[in-house]
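Visitor: So I've got this file, coords06.csv, and it contains CSV, C-alpha atoms:
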chain,number,residue,atom,x,y,z
N,13,MET,CA,2.0,-29.0,-50.1
N,14,THR,CA,-1.0,-30.6,-48.5
N,15,ASN,CA,-4.7,-29.7,-47.9
N,16,ASP,CA,-5.2,-28.0,-51.2
N,17,THR,CA,-8.6,-26.7,-51.8
N,18,GLY,CA,-10.5,-27.6,-54.9
N,19,ASP,CA,-8.9,-24.5,-56.5
N,20,MET,CA,-5.8,-26.5,-57.3
N,21,LEU,CA,-2.6,-25.1,-58.7
N,22,THR,CA,-1.7,-26.2,-62.2
N,23,PRO,CA,1.7,-27.9,-62.7
N,24,GLU,CA,3.0,-24.6,-64.3
N,25,GLU,CA,1.8,-22.5,-61.3
N,26,ARG,CA,3.3,-25.0,-58.9
N,27,ALA,CA,6.6,-24.8,-60.8
N,28,ALA,CA,6.5,-21.0,-60.8
N,29,PHE,CA,6.0,-21.0,-57.0
N,30,THR,CA,8.8,-23.5,-56.6
N,31,ALA,CA,11.1,-21.3,-58.7
N,32,LEU,CA,10.7,-18.3,-56.4
N,33,PRO,CA,14.0,-17.6,-54.5
N,34,LYS,CA,13.8,-18.8,-50.9
N,35,THR,CA,16.8,-16.8,-49.7
N,36,ARG,CA,17.9,-13.2,-50.0
N,37,GLU,CA,20.7,-11.3,-48.3
N,38,PRO,CA,19.8,-8.1,-46.4
N,39,SER,CA,22.2,-5.1,-46.5
N,40,ARG,CA,25.5,-5.6,-44.8
N,41,LEU,CA,24.7,-3.0,-42.2
N,42,ALA,CA,21.7,-5.1,-41.0
N,43,GLU,CA,23.9,-7.6,-39.2
N,44,GLU,CA,25.9,-4.9,-37.4
N,45,ARG,CA,22.7,-3.0,-36.4
N,46,THR,CA,21.3,-6.3,-34.9
N,47,VAL,CA,24.4,-7.1,-33.0
N,48,GLN,CA,24.5,-3.6,-31.7
N,49,ALA,CA,20.9,-3.7,-30.6
N,50,LEU,CA,21.4,-7.0,-28.8
N,51,ALA,CA,24.6,-5.7,-27.1
N,52,GLU,CA,22.7,-2.6,-25.9
N,53,ARG,CA,20.2,-4.9,-24.3
N,54,GLY,CA,22.9,-6.9,-22.6
N,55,LEU,CA,22.1,-10.0,-24.6
N,56,LEU,CA,25.5,-10.4,-26.3
N,57,ILE,CA,27.8,-9.7,-23.4
N,58,ASP,CA,29.9,-12.8,-22.6
N,59,GLY,CA,29.1,-13.7,-19.0
N,60,ARG,CA,32.6,-15.0,-18.2
N,61,HIS,CA,34.1,-11.9,-19.9
N,62,ARG,CA,31.8,-9.6,-17.9
N,63,GLY,CA,32.7,-11.5,-14.7
N,64,ARG,CA,36.4,-11.0,-15.3
N,65,LEU,CA,36.0,-7.4,-16.2
N,66,ARG,CA,33.9,-6.5,-13.1
N,67,GLY,CA,36.8,-7.2,-10.8
N,68,ARG,CA,39.4,-5.7,-13.0
N,69,ILE,CA,38.1,-2.2,-13.7
N,70,PRO,CA,41.1,-0.5,-12.2
N,71,LEU,CA,43.4,-2.8,-14.2
N,72,ILE,CA,41.5,-2.0,-17.3
N,73,ALA,CA,41.7,1.7,-16.7
N,74,ALA,CA,45.4,1.3,-16.3
N,75,GLY,CA,45.5,-0.8,-19.5
N,76,LEU,CA,43.6,1.9,-21.4
N,77,ALA,CA,45.9,4.5,-20.0
N,78,ALA,CA,48.9,2.4,-21.1
N,79,ALA,CA,47.3,2.0,-24.6
N,80,ALA,CA,46.8,5.7,-24.8
N,81,ALA,CA,50.4,6.3,-23.8
N,82,LEU,CA,51.5,3.8,-26.4
N,83,PHE,CA,49.4,5.6,-29.0
N,84,VAL,CA,50.9,9.0,-28.1
N,85,SER,CA,54.4,7.6,-28.0
N,86,GLY,CA,53.8,6.0,-31.4
N,87,ILE,CA,52.9,9.4,-32.8
N,88,VAL,CA,56.0,10.9,-31.2
N,89,VAL,CA,58.1,8.1,-32.6
N,90,GLY,CA,56.6,8.6,-36.0
N,91,GLN,CA,57.3,12.3,-35.9
N,92,TRP,CA,60.7,11.8,-34.6
N,93,LEU,CA,61.6,9.3,-37.3
N,94,GLY,CA,60.1,11.5,-40.0
N,95,SER,CA,62.0,14.6,-38.8
N,96,HIS,CA,65.4,13.0,-39.1
N,97,ALA,CA,67.4,12.2,-42.2
N,98,VAL,CA,67.4,8.6,-43.2
N,99,ALA,CA,71.0,8.1,-42.3
N,100,ASP,CA,70.4,9.6,-38.9
N,101,SER,CA,67.3,7.5,-38.3
N,102,MET,CA,69.1,4.3,-39.3
N,103,ALA,CA,72.0,5.2,-37.0
N,104,ALA,CA,69.6,6.0,-34.2
N,105,ALA,CA,67.5,2.8,-34.8
N,106,GLN,CA,70.5,0.6,-34.2
N,107,HIS,CA,70.7,2.0,-30.7
N,108,GLU,CA,67.0,2.4,-30.1
N,109,THR,CA,65.6,-0.9,-31.2
N,110,ALA,CA,62.6,-0.8,-28.9
N,111,LEU,CA,61.5,2.5,-30.5
N,112,GLU,CA,62.1,1.1,-33.9
N,113,MET,CA,60.0,-2.0,-33.1
N,114,ALA,CA,57.2,0.2,-31.6
N,115,ALA,CA,57.1,2.2,-34.9
N,116,ALA,CA,57.1,-1.0,-36.9
N,117,VAL,CA,54.1,-2.3,-34.8
N,118,GLN,CA,52.3,0.9,-35.5
N,119,ARG,CA,53.0,0.7,-39.2
N,120,THR,CA,52.2,-2.9,-39.7
N,121,GLY,CA,49.1,-2.6,-37.5
N,122,SER,CA,47.7,0.2,-39.7
N,123,ALA,CA,48.6,-1.9,-42.8
N,124,TYR,CA,46.8,-4.9,-41.3
N,125,VAL,CA,43.6,-3.0,-40.5
N,126,THR,CA,43.7,-1.2,-43.9
N,127,ALA,CA,44.1,-4.5,-45.8
N,128,LEU,CA,41.2,-6.1,-43.8
N,129,ALA,CA,39.0,-3.1,-44.6
N,130,ALA,CA,39.8,-3.5,-48.3
N,131,LEU,CA,39.1,-7.2,-48.1
N,132,SER,CA,35.8,-6.5,-46.4
N,133,GLN,CA,34.8,-4.4,-49.4
N,134,LEU,CA,35.3,-7.4,-51.6
N,135,ALA,CA,33.4,-9.8,-49.4
N,136,ASP,CA,30.4,-9.7,-51.8
N,137,SER,CA,32.4,-10.3,-54.9
N,138,SER,CA,32.7,-13.6,-56.7
N,139,SER,CA,36.2,-14.3,-55.2
N,140,ASN,CA,34.8,-16.0,-52.2
N,141,GLY,CA,37.6,-18.4,-51.9
N,142,ALA,CA,40.3,-15.7,-51.8
N,143,VAL,CA,38.2,-13.7,-49.3
N,144,ALA,CA,37.9,-16.7,-47.1
N,145,GLN,CA,41.6,-17.3,-47.3
N,146,GLY,CA,42.3,-13.7,-46.3
N,147,ARG,CA,39.9,-14.0,-43.4
N,148,GLU,CA,41.6,-17.2,-42.3
N,149,ALA,CA,45.0,-15.5,-42.5
N,150,ALA,CA,43.7,-12.5,-40.6
N,151,LEU,CA,42.3,-14.7,-37.8
N,152,THR,CA,45.6,-16.6,-37.5
N,153,ALA,CA,47.6,-13.3,-37.4
N,154,LEU,CA,45.1,-12.0,-34.8
N,155,TYR,CA,45.7,-15.1,-32.6
N,156,ALA,CA,49.5,-14.9,-33.0
N,157,ALA,CA,49.4,-11.2,-32.2
N,158,ALA,CA,47.3,-11.8,-29.1
N,159,TYR,CA,49.8,-14.5,-28.0
N,160,GLU,CA,52.8,-12.1,-28.4
N,161,LEU,CA,50.9,-9.3,-26.6
N,162,VAL,CA,50.4,-11.6,-23.6
N,163,GLN,CA,54.2,-12.5,-23.7
N,164,LEU,CA,54.9,-8.8,-23.8
N,165,ALA,CA,52.6,-7.9,-20.9
N,166,PRO,CA,51.3,-10.9,-19.0
N,167,ASP,CA,49.4,-8.7,-16.6
N,168,ASP,CA,47.5,-6.7,-19.2
N,169,PRO,CA,43.9,-7.7,-18.7
N,170,ILE,CA,42.8,-6.7,-22.1
N,171,ALA,CA,45.5,-8.7,-23.9
N,172,VAL,CA,44.9,-11.7,-21.6
N,173,THR,CA,41.1,-11.6,-22.2
N,174,ILE,CA,41.5,-11.4,-25.9
N,175,HIS,CA,44.0,-14.2,-26.0
N,176,ASP,CA,42.0,-16.5,-23.7
N,177,ARG,CA,38.8,-16.0,-25.7
N,178,LEU,CA,40.5,-16.7,-29.0
N,179,ASP,CA,42.3,-19.7,-27.5
N,180,ASP,CA,38.9,-21.1,-26.3
N,181,LEU,CA,37.3,-20.6,-29.7
N,182,ARG,CA,40.3,-22.3,-31.4
N,183,ARG,CA,40.1,-25.3,-29.1
N,184,GLU,CA,36.3,-25.6,-29.6
N,185,GLN,CA,36.8,-25.4,-33.4
N,186,GLN,CA,39.5,-28.1,-33.3
N,187,THR,CA,37.3,-30.4,-31.3
N,188,GLU,CA,34.4,-29.9,-33.7
N,189,ASP,CA,36.7,-30.6,-36.7
N,190,GLN,CA,37.9,-33.8,-35.0
N,191,GLN,CA,34.4,-34.9,-34.3
N,192,SER,CA,33.3,-34.3,-37.8
N,193,VAL,CA,36.2,-36.4,-39.1
N,194,ILE,CA,35.2,-39.2,-36.7
N,195,ARG,CA,31.6,-39.0,-37.9
N,196,HIS,CA,32.8,-39.2,-41.4
N,197,VAL,CA,34.8,-42.3,-40.7
N,198,VAL,CA,31.9,-44.0,-39.0
N,199,TRP,CA,29.4,-43.3,-41.7
N,200,PHE,CA,31.6,-44.3,-44.7
U,151,MET,CA,5.6,-30.8,-47.0
U,152,ASP,CA,5.6,-30.5,-43.2
U,153,VAL,CA,7.7,-27.4,-42.4
U,154,THR,CA,8.1,-28.5,-38.8
U,155,GLU,CA,10.4,-31.3,-39.9
U,156,GLN,CA,13.8,-31.2,-38.3
U,157,PRO,CA,16.6,-30.7,-40.8
U,158,ARG,CA,18.9,-33.3,-39.2
U,159,GLY,CA,22.1,-32.0,-40.7
U,160,SER,CA,22.0,-28.5,-39.5
U,161,GLU,CA,20.2,-28.9,-36.1
U,162,PRO,CA,23.2,-29.9,-33.9
U,163,ARG,CA,25.2,-26.8,-35.1
U,164,ASP,CA,22.2,-24.5,-34.6
U,165,ARG,CA,21.8,-25.9,-31.1
U,166,LEU,CA,25.4,-25.5,-30.2
U,167,LEU,CA,25.5,-21.9,-31.4
U,168,ALA,CA,22.2,-21.1,-29.7
U,169,ASP,CA,23.4,-22.5,-26.4
U,170,ARG,CA,26.5,-20.3,-26.7
U,171,VAL,CA,24.4,-17.2,-27.4
U,172,SER,CA,21.9,-18.0,-24.7
U,173,HIS,CA,24.3,-18.9,-21.9
U,174,GLN,CA,27.4,-16.9,-22.7
U,175,GLY,CA,26.1,-14.0,-24.9
U,176,ASP,CA,28.7,-15.2,-27.4
U,177,GLU,CA,28.8,-12.6,-30.3
U,178,PHE,CA,30.8,-14.9,-32.6
U,179,ALA,CA,28.2,-17.7,-32.2
U,180,PHE,CA,25.4,-15.2,-32.8
U,181,ARG,CA,26.9,-13.9,-36.0
U,182,GLU,CA,27.2,-17.5,-37.3
U,183,LEU,CA,23.6,-18.2,-36.4
U,184,TYR,CA,22.5,-15.0,-37.9
U,185,ARG,CA,24.3,-15.7,-41.2
U,186,ARG,CA,22.9,-19.2,-41.4
U,187,HIS,CA,19.3,-18.2,-41.0
U,188,THR,CA,18.8,-14.6,-42.0
U,189,PRO,CA,18.8,-15.0,-45.8
U,190,ARG,CA,15.7,-17.3,-45.5
U,191,LEU,CA,14.1,-15.1,-42.9
U,192,TYR,CA,14.7,-12.0,-44.9
U,193,ALA,CA,13.3,-13.4,-48.1
U,194,PHE,CA,10.2,-14.6,-46.2
U,195,VAL,CA,9.6,-11.3,-44.4
U,196,LEU,CA,10.3,-9.2,-47.5
U,197,ARG,CA,7.7,-11.2,-49.5
U,198,LEU,CA,5.1,-10.8,-46.8
U,199,LEU,CA,5.8,-7.1,-46.7
U,200,ALA,CA,5.4,-6.7,-50.4
U,201,GLY,CA,9.0,-5.9,-51.1
U,202,ASN,CA,9.4,-3.1,-48.5
U,203,GLU,CA,13.1,-3.5,-47.8
U,204,LEU,CA,13.3,-1.0,-44.9
U,205,ASP,CA,10.4,-2.6,-43.0
U,206,ALA,CA,11.8,-6.0,-43.8
U,207,GLU,CA,15.2,-5.2,-42.2
U,208,ASP,CA,13.5,-3.8,-39.2
U,209,VAL,CA,11.4,-6.9,-38.8
U,210,VAL,CA,14.4,-9.1,-39.2
U,211,GLN,CA,16.2,-7.2,-36.5
U,212,ASP,CA,13.2,-7.3,-34.1
U,213,THR,CA,12.8,-11.0,-34.9
U,214,TRP,CA,16.4,-11.8,-33.8
U,215,ILE,CA,16.0,-9.7,-30.6
U,216,LYS,CA,12.9,-11.6,-29.7
U,217,ALA,CA,14.5,-14.9,-30.6
U,218,VAL,CA,17.6,-14.3,-28.5
U,219,GLU,CA,15.4,-13.1,-25.6
U,220,LYS,CA,13.4,-16.4,-25.8
U,221,LEU,CA,16.2,-18.8,-26.8
U,222,SER,CA,16.2,-20.5,-23.4
U,223,GLN,CA,12.5,-21.3,-23.8
U,224,PHE,CA,12.9,-22.9,-27.3
U,225,ARG,CA,12.3,-26.6,-26.9
U,226,TRP,CA,13.8,-27.7,-30.2
U,227,GLU,CA,10.7,-29.6,-31.1
U,228,SER,CA,10.8,-27.8,-34.5
U,229,ALA,CA,13.7,-26.6,-36.7
U,230,PHE,CA,15.3,-23.5,-35.5
U,231,GLY,CA,14.7,-21.8,-38.8
U,232,THR,CA,11.0,-22.6,-38.7
U,233,TRP,CA,10.7,-21.2,-35.2
U,234,LEU,CA,12.4,-18.0,-36.4
U,235,LEU,CA,10.0,-17.7,-39.4
U,236,GLY,CA,7.2,-17.9,-36.9
U,237,ILE,CA,8.5,-15.0,-34.9
U,238,GLY,CA,9.0,-13.0,-38.1
U,239,LEU,CA,5.5,-13.8,-39.2
U,240,ASN,CA,4.1,-12.5,-35.8
U,241,ARG,CA,6.0,-9.3,-36.2
U,242,CYS,CA,4.6,-8.8,-39.7
U,243,ARG,CA,1.1,-9.5,-38.4
U,244,GLU,CA,1.6,-6.7,-35.8
U,245,LEU,CA,2.5,-4.3,-38.7
U,246,PHE,CA,-0.6,-5.4,-40.7
U,247,ARG,CA,-2.8,-5.1,-37.6
U,248,LYS,CA,-1.7,-1.5,-37.1
U,249,LYS,CA,-3.2,-0.6,-40.4
U,250,ASP,CA,-6.3,-2.7,-40.2
U,251,ARG,CA,-7.4,-5.0,-37.3
U,252,ASN,CA,-9.2,-7.3,-39.7
U,253,TRP,CA,-6.3,-7.5,-42.1
U,254,ILE,CA,-6.5,-11.2,-42.5
U,255,LEU,CA,-10.2,-11.2,-43.5
U,256,LEU,CA,-9.9,-8.1,-45.7
U,257,GLU,CA,-11.5,-9.1,-49.0
U,258,GLU,CA,-11.5,-7.6,-52.4
U,259,GLU,CA,-13.7,-8.2,-55.4
U,260,VAL,CA,-11.9,-10.6,-57.7
U,261,ALA,CA,-13.0,-10.9,-61.3
U,262,ALA,CA,-13.6,-14.5,-62.3
U,263,VAL,CA,-10.7,-15.6,-64.4
U,264,PRO,CA,-10.8,-18.8,-66.5
U,265,CYS,CA,-8.6,-21.4,-64.8
U,266,GLU,CA,-6.1,-21.5,-67.7
U,267,PRO,CA,-2.4,-22.2,-67.2
U,268,LEU,CA,-0.3,-19.2,-66.4
U,269,HIS,CA,2.1,-17.9,-68.9
U,270,ASP,CA,5.5,-19.4,-69.0
U,271,ARG,CA,6.9,-15.9,-68.4
U,272,ILE,CA,5.3,-14.5,-65.4
U,273,ASP,CA,6.2,-12.0,-62.8
U,274,LEU,CA,4.8,-13.9,-59.9
U,275,GLU,CA,6.8,-12.0,-57.4
U,276,ALA,CA,5.4,-8.6,-58.5
U,277,ALA,CA,1.9,-10.0,-58.6
U,278,LEU,CA,2.3,-11.2,-55.0
U,279,THR,CA,3.2,-7.7,-53.9
U,280,GLU,CA,-0.1,-6.4,-55.2
U,281,LEU,CA,-2.3,-8.8,-53.2
U,282,PRO,CA,-3.9,-7.5,-50.0
U,283,PRO,CA,-1.9,-8.6,-47.0
U,284,GLY,CA,-4.5,-11.2,-45.9
U,285,TYR,CA,-4.4,-13.1,-49.2
U,286,ARG,CA,-0.6,-12.6,-49.7
U,287,THR,CA,0.2,-14.0,-46.2
U,288,VAL,CA,-1.8,-17.2,-46.8
U,289,VAL,CA,-0.5,-17.7,-50.3
U,290,VAL,CA,3.1,-17.2,-49.3
U,291,LEU,CA,2.7,-19.5,-46.3
U,292,HIS,CA,1.0,-22.3,-48.2
U,293,ASP,CA,2.2,-22.1,-51.8
U,294,VAL,CA,5.7,-20.7,-51.2
U,295,GLU,CA,6.7,-22.0,-47.8
U,296,GLY,CA,4.7,-25.2,-47.8
U,297,PHE,CA,2.8,-24.7,-44.5
U,298,THR,CA,-0.4,-26.8,-44.1
U,299,HIS,CA,-3.8,-25.1,-43.5
U,300,GLU,CA,-3.7,-26.4,-39.9
U,301,GLU,CA,-0.3,-24.8,-39.4
U,302,ILE,CA,-1.5,-21.6,-41.0
U,303,ALA,CA,-4.6,-21.6,-38.9
U,304,GLU,CA,-2.6,-22.0,-35.7
U,305,ARG,CA,-0.1,-19.3,-36.5
U,306,LEU,CA,-2.6,-16.8,-37.7
U,307,GLU,CA,-5.2,-17.6,-35.1
U,308,ILE,CA,-7.9,-18.3,-37.6
U,309,SER,CA,-9.8,-21.5,-38.6
U,310,SER,CA,-8.4,-23.8,-41.2
U,311,ASN,CA,-11.6,-23.1,-43.3
U,312,THR,CA,-10.7,-19.4,-43.3
U,313,SER,CA,-7.2,-20.3,-44.4
U,314,LYS,CA,-8.6,-22.4,-47.2
U,315,SER,CA,-11.0,-19.7,-48.4
U,316,GLN,CA,-8.3,-17.0,-48.2
U,317,LEU,CA,-6.0,-19.2,-50.2
U,318,SER,CA,-8.6,-19.8,-52.8
U,319,ARG,CA,-9.4,-16.1,-53.1
U,320,GLY,CA,-5.7,-15.2,-53.0
U,321,ARG,CA,-5.0,-17.5,-55.9
U,322,ARG,CA,-7.9,-16.1,-57.9
U,323,ALA,CA,-6.6,-12.6,-57.3
U,324,LEU,CA,-3.1,-13.6,-58.3
U,325,ARG,CA,-4.4,-15.2,-61.6
U,326,SER,CA,-6.4,-12.0,-62.3
U,327,ARG,CA,-3.3,-9.9,-61.9
U,328,LEU,CA,-1.1,-12.2,-63.9
U,329,SER,CA,-3.6,-12.5,-66.8
U,330,SER,CA,-3.9,-8.7,-67.0
U,331,ALA,CA,-0.1,-8.1,-67.0
U,332,PRO,CA,1.1,-6.8,-70.4
U,333,ALA,CA,3.3,-9.4,-72.0
U,334,GLY,CA,6.1,-6.9,-72.4
U,335,GLN,CA,6.3,-6.3,-68.7
U,336,VAL,CA,6.5,-9.8,-67.5
U,337,ARG,CA,9.6,-11.7,-66.6
U,338,VAL,CA,10.6,-15.1,-65.4
U,339,PRO,CA,10.7,-15.1,-61.6
Just give me the structure as structure tokens.

Guide:
Amino acid sequence: MTNDTGDMLTPEERAAFTALPKTREPSRLAEERTVQALAERGLLIDGRHRGRLRGRIPLIAAGLAAAAALFVSGIVVGQWLGSHAVADSMAAAQHETALEMAAAVQRTGSAYVTALAALSQLADSSSNGAVAQGREAALTALYAAAYELVQLAPDDPIAVTIHDRLDDLRREQQTEDQQSVIRHVVWF
Amino acid sequence: MDVTEQPRGSEPRDRLLADRVSHQGDEFAFRELYRRHTPRLYAFVLRLLAGNELDAEDVVQDTWIKAVEKLSQFRWESAFGTWLLGIGLNRCRELFRKKDRNWILLEEEVAAVPCEPLHDRIDLEAALTELPPGYRTVVVLHDVEGFTHEEIAERLEISSNTSKSQLSRGRRALRSRLSSAPAGQVRVP
């Protein structure tokens, strides 16, 4: 502190000011509200993403329709599987592997989102290491799922956009990690 | 302490993230930038607003919107966090000004309190919330955040002499409140 007036702080007062906390977390909703407000103003829309989307609106509409169809068929599959005896289902699944896999994707997808939501509830707990580990695992799974989606439907603009963006971010992160290692070597 | 000093360790990362937000509207980059700087911004704004959490969250949101809008104009001549605090301070000033145009010069009669050391157990945070906004702002900027009188004068658009007199009065008012606090109600900050 500089330029104090004659009315100086005592060492005890100075210590009391120094001891005041300099950081504090706002509510968890504050970040989401801010992101939403920025997105509404067009300040958080990725330019490359927007450029791609602009020329692909018909394809995206088709993709959304396909996603809706997949969702409805998933419900039908679930009802179909649930309405048959286990033995019948197993027998049918051997001949209907695509239907079985679609149902498995639906189940595991729901489990993935449910687990992430539960992990999110623990994000403020003291188990920061475990939460970070879960987040890392979720991101890795997300990337792997995006890759498989592109293999499944190379022309799906939504899948391609998600995969490309994640791939870019992974490459940037790897580059930064490598750079930090290099700096570390130089300094020490 | 000169708060405009560049924190060398964090500045390259801030700059990289800010560039992504500014040029690409990258939400991931924004979220990282937000999480790096919001705890300090929120603590600062909350203190200026006397602990009003709702107003403080609104100010933090407005601050980030303004910051993202002006990111391309930021010259990186000061630390990103300091720039952000400046925007938050301006937003708080607007709130104060709505209530009283002369908020910074608003004075109160402060009883003369012997300049004795404060108690070991004081509720400094609570006493700060009771100060008029003009005193509180200068005390927080100078004694908590480490701004110089010249920096305070520039940011609040007042003279450095006004900053000094407001600090002196603010400290007296603070001592008055702390000395009158019942011992049983005080706590270590």

Visitor: Which residue gives the smallest distance to chain N among U:Arg225, U:His299, U:Arg163, U:Arg327, with all atoms listed in the file counted?

Guide: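 Residue with the minimum atom-to-atom distance to chain N: U:His299.
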
Visitor: Which chain U residues are at most 9 Å from chain N (counting all atoms listed in the file), as a PyMOL selection string?

Guide: chain U and resi 151-152+171-177+180-181+184-185+188-194+196+203+206-208+210-212+214-215+218-219+265-270+272+274-275+292-300+314-315+317-318+321-322+338-339

Visitor: What separation in Å, quoted to one decimal, exists between CA of Arg305 (chain U) and CA of Leu221 (chain U)?

Guide: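 Distance between the two atoms: 19.0 Å.
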
Visitor: Quick one: distance from CA of Gly201 (chain U) to CA of Lys216 (chain U) in Å, one decimal?

Guide: 22.5 Å

Visitor: Please report the interatomic distance between CA of Ala200 (chain U) and CA of Tyr285 (chain U) in Å with one decimal.

Guide: 11.8 Å

Visitor: Anything within 12 Å of (43.5, -19.4, -26.8): list those residues as a PyMOL selection string, counting only C-alpha atoms and sticking to the file's coordinates.

Guide: chain N and resi 152+154-160+162+171-186

Visitor: Take the residues just selected and output them with C-alpha atoms as a CSV table (one decimal), in the coordinates of the input.

Guide:
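And here's part-v1.csv as it stands now:
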chain,number,residue,atom,x,y,z
N,152,THR,CA,45.6,-16.6,-37.5
N,154,LEU,CA,45.1,-12.0,-34.8
N,155,TYR,CA,45.7,-15.1,-32.6
N,156,ALA,CA,49.5,-14.9,-33.0
N,157,ALA,CA,49.4,-11.2,-32.2
N,158,ALA,CA,47.3,-11.8,-29.1
N,159,TYR,CA,49.8,-14.5,-28.0
N,160,GLU,CA,52.8,-12.1,-28.4
N,162,VAL,CA,50.4,-11.6,-23.6
N,171,ALA,CA,45.5,-8.7,-23.9
N,172,VAL,CA,44.9,-11.7,-21.6
N,173,THR,CA,41.1,-11.6,-22.2
N,174,ILE,CA,41.5,-11.4,-25.9
N,175,HIS,CA,44.0,-14.2,-26.0
N,176,ASP,CA,42.0,-16.5,-23.7
N,177,ARG,CA,38.8,-16.0,-25.7
N,178,LEU,CA,40.5,-16.7,-29.0
N,179,ASP,CA,42.3,-19.7,-27.5
N,180,ASP,CA,38.9,-21.1,-26.3
N,181,LEU,CA,37.3,-20.6,-29.7
N,182,ARG,CA,40.3,-22.3,-31.4
N,183,ARG,CA,40.1,-25.3,-29.1
N,184,GLU,CA,36.3,-25.6,-29.6
N,185,GLN,CA,36.8,-25.4,-33.4
N,186,GLN,CA,39.5,-28.1,-33.3

Visitor: Determine, counting only C-alpha atoms, which protein, DNA and RNA residues have an atom within 12 Å of an atom of Ile308 (chain U); residues of the same chain fewer than 5 positions away are not included. Present the result as a PyMOL selection string.

Guide: chain U and resi 252-255+284+288+299-303+313-316
